[in-house]
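Enquirer: Below is one structure. I have some questions about it.
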Amino acid sequence: MMEGELSAPLQKADKDEEYQREILGTRIETDAIHVGQEPERWPGQAVVPPISMATTFKQLEPGKPALYEYSRCGNPTRQCLEECLASLEKAKYALTFSSGLGATTTFMFLLKSGDHIVSIDDVYGGTGRLFRRCMAPMGIESSFVDMSTDPSSIVKHLKPTTRLVWIESPTNPLLKLADIKLISTLVHEFDPTIMVVVDNTFASSFFQRPLELGADFVLHSLTKYMNGHSDVVMGCLMMNNEEYYKQLSFLQYAIGAVPSPFDCYLVNRGLKTLAVRMKQHMASALTIAQYFEKSKYIERVIYPGLESHPQYALYKEQMSGFSGMISMYLKGDEVEKSRRFLKHLKLFTTAESLGGYESLVELPAVMTHASVPEEHRRQLGITDGLIRMSVGLENVQDLLEDIEDALQYAFSETDGK
């Protein structure tokens, strides 16, 4: 191939894309494979970063480590992963933790007694439990507010003591969107020192990058889409501010909620297929969501990629696509119908978690969000008829047939047929 032919595809890129490449570097598919993976950093030029299981490292002389000192403070395999993760969010820094909640809990040590958190109302059950039952006794107040219906109203919930605004977008399990750019702007205009965190777990770095929209931090449960194989529990925080990075690096070391080198290797491997996985998750989920819109058994389906989603315009503005998460209400809103539907599914496994290659289904009211106060669940719309599905990578026609069969079963006996 001639040199001119090799460069031809890049010459076809429009000016905006060329500008993006100049400013941001290579595209996410390339970053996931190459950033932090340089063979030159290893004596044997390993193409795949090796797993360094060492807990401690020889020092050149007392008090002078060559690079690493003790694996809780730093590890070669973990460093490779953190560099790669930072590149995917276009962040300067990334820190990994033993779980998503481990990352959240470590972050809480940036707060003190008397501080105030403003959280989106439809927040992950584990985060809400941490705020309500763990942070409250330590003197840290939390307010759970609707950031989706009228994002500009966020200002009225801010106080002189507010130190943190916690956003999930899309939310779990109702798939609400928050206008990250608008909320971040309003919060920072009110007080530039208030930290804005976005839990980006449901979208993944492939479909949404909140730092580019004005957030200060991005959090991921790497357990989900970023790893994508349901075999690791891990979390991470990404940021651009060096001072915050220094503080959180110290807390990562001091608190010790760090992941194992082997788990870091697994997530690093999982990232290599992030792009192809997310494209397939979206394609299958959109097909199934469109099927639900036409089904006589479904009261309402929630999927941001559907034009029927109330925030479809915002979805198009701040996201480039969506994952395999679908929420829907069965007609009748009866827990027995929901249980029958879940029980009869063959390809969807009834289990908590999400984002793996396999399809999962759950009943949030009695599973992931059982810890949410019942009154708050009712207000949000987390009813007995709400079902959350994580659409995997199986053949979509097989999944549709499985769903149709289970729906017919769920409604047949209860309808007296």
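Residues in the structure tokens are named by chain (A, B, ... in the order shown) and by number from 1 within that chain; ligands are numbered from 1 in the order shown.
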Could I get the residues of segment 84-133 of chain A with an atom no further than 12 Å from an atom of segment 345-359 of chain A, each paired with its nearest atom pair and that distance in Å to one decimal, using only C-alpha atoms, sorted by chain and residue number, as JSON lines?
Expert:
```
{"residue": "A:Gly100", "atom": "CA", "partner": "A:Ser353", "partner_atom": "CA", "distance": 11.8}
{"residue": "A:Tyr124", "atom": "CA", "partner": "A:Ser353", "partner_atom": "CA", "distance": 11.1}
{"residue": "A:Gly125", "atom": "CA", "partner": "A:Glu352", "partner_atom": "CA", "distance": 11.6}
{"residue": "A:Gly126", "atom": "CA", "partner": "A:Ser353", "partner_atom": "CA", "distance": 11.6}
```
Enquirer: Find the spatial neighbours of segment 192-204 of chain A, counting only C-alpha atoms, within a cut-off of 7 Å - ignore same-chain residues fewer than 5 positions away - and output them as a list of chain:residue names.
Expert: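 Contacts, in chain order: A:Thr162, A:Arg163, A:Leu164, A:Val165, A:Trp166, A:Ile167, A:Glu168, A:Ser169, A:Pro170, A:Ser184, A:Val187, A:Pro210, A:Ala215, A:Asp216, A:Phe217, A:Val218, A:Leu219, A:His220, A:Ser221, A:Lys224, A:Tyr225, A:Met226, A:Phe322, A:Ser323.
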Enquirer: What are the DSSP strand (DSSP E) residues of segment 112-273 of chain A, as a PyMOL selection string?
Expert: chain A and resi 116-120+141-145+162-168+195-199+217-221+235-239
Enquirer: Could you work out how far atom CA of Cys84 of chain A lies from atom CA of Val267 of chain A, giving the answer in Å with one decimal?
Expert: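 Value for the atom CA of Val267 of chain A-atom CA of Cys84 of chain A distance: 10.3 Å.
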Enquirer: Have a look at atom CA of Glu334 of chain A and atom CA of Glu299 of chain A and let me know their distance in Å, one decimal.
Expert: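 Between atom CA of Glu334 of chain A and atom CA of Glu299 of chain A the gap works out to 11.9 Å.
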Enquirer: Per residue of segment 73-176 of chain A within 10 Å of segment 40-50 of chain A, which atom pair is closest and at what distance in Å (one decimal), using only C-alpha atoms, listed by chain and increasing number, as CSV?
Expert:
```
residue,atom,partner,partner_atom,distance
A:Pro76,CA,A:Pro50,CA,8.5
A:Thr77,CA,A:Pro50,CA,6.8
A:Cys80,CA,A:Pro49,CA,7.4
A:Leu81,CA,A:Pro49,CA,9.4
```
Enquirer: Using only C-alpha atoms, find the one residue out of A:Glu38, A:Glu317, A:Asp263, A:Glu401 that sits nearest to Asn227 of chain A.
Expert: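 Of A:Glu38, A:Glu317, A:Asp263, A:Glu401, the one nearest Asn227 of chain A is A:Asp263, counting only C-alpha atoms.
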Enquirer: Identify, on the basis of only C-alpha atoms, every residue whose closest approach to Phe341 of chain A does not exceed 8 Å; exclude the query and any residue fewer than 6 positions from it along the same chain; express the result as a list in words.
Expert: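 Residues near the query, excluding close chain neighbours: Ala406, Leu407, Tyr409 and Ala410 of chain A.
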Enquirer: Select, from A:Pro151, A:Phe107, A:Leu271, A:Met367, the residue with the minimum atom-to-atom distance to Leu248 of chain A, counting only C-alpha atoms.
Expert: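 For Leu248 of chain A, the nearest of the given residues is A:Phe107.
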Enquirer: Which residues in segment 49-179 of chain A does DSSP call alpha helix (DSSP H)? List them as a PyMOL selection string.
Expert: chain A and resi 76-88+100-108+125-129
Enquirer: From the list A:Val233, A:Ile326, A:Tyr245, A:Ile382, which residue is nearest Lys92 of chain A when using only C-alpha atoms?
Expert: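 Checking each candidate against Lys92 of chain A, we get A:Tyr245 as the closest.
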Enquirer: Skipping near chain neighbours, those fewer than 4 positions away, what residues fall within 8 Å of Ile154 of chain A using only C-alpha atoms, listed as a PyMOL selection string?
Expert: chain A and resi 145+147+150+158+183+186-187
Enquirer: Which neighbours of Thr30 of chain A fall inside 12 Å, counting only C-alpha atoms, when residues of the same chain fewer than 5 positions from it are skipped, and could you give them as a PyMOL selection string?
Expert: chain A and resi 21+25+35-37+84+87-88+206+271-276
Enquirer: By how many Å are atom CA of Glu394 of chain A and atom CA of Ala289 of chain A apart?
Expert: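 Separation of atom CA of Glu394 of chain A and atom CA of Ala289 of chain A: 15.5 Å.
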Enquirer: Would you list the contacts of Asp122 of chain A as a list in words, taking every protein, DNA or RNA residue within 7 Å and counting only C-alpha atoms, but skipping same-chain residues closer than 3 positions in sequence?
Expert: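 In the requested format, the answer is Thr171, Asn172 and Leu380 of chain A.
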Enquirer: Write the residues of the preceding selection, restricted to N, CA and C atoms, as a PDB file, in the first residue's frame.
Expert:
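After the write, result03.pdb holds the following:
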```pdb
ATOM      1  N   THR A 171     -29.914   6.931  35.650  1.00  0.00           N
ATOM      2  CA  THR A 171     -30.052   6.443  37.021  1.00  0.00           C
ATOM      3  C   THR A 171     -30.398   4.958  37.050  1.00  0.00           C
ATOM      4  N   ASN A 172     -30.284   4.428  38.232  1.00  0.00           N
ATOM      5  CA  ASN A 172     -30.572   3.017  38.496  1.00  0.00           C
ATOM      6  C   ASN A 172     -31.703   2.928  39.507  1.00  0.00           C
ATOM      7  N   LEU A 380     -40.670   7.221  43.995  1.00  0.00           N
ATOM      8  CA  LEU A 380     -39.839   7.138  42.799  1.00  0.00           C
ATOM      9  C   LEU A 380     -40.514   6.342  41.679  1.00  0.00           C
TER      10      LEU A 380
END
```
Enquirer: Which one of A:Lys343, A:His376, A:Arg269, A:His281 sits closest to Val232 of chain A if you count only C-alpha atoms?
Expert: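 Between A:Lys343, A:His376, A:Arg269, A:His281, the residue approaching Val232 of chain A most closely is A:Arg269.
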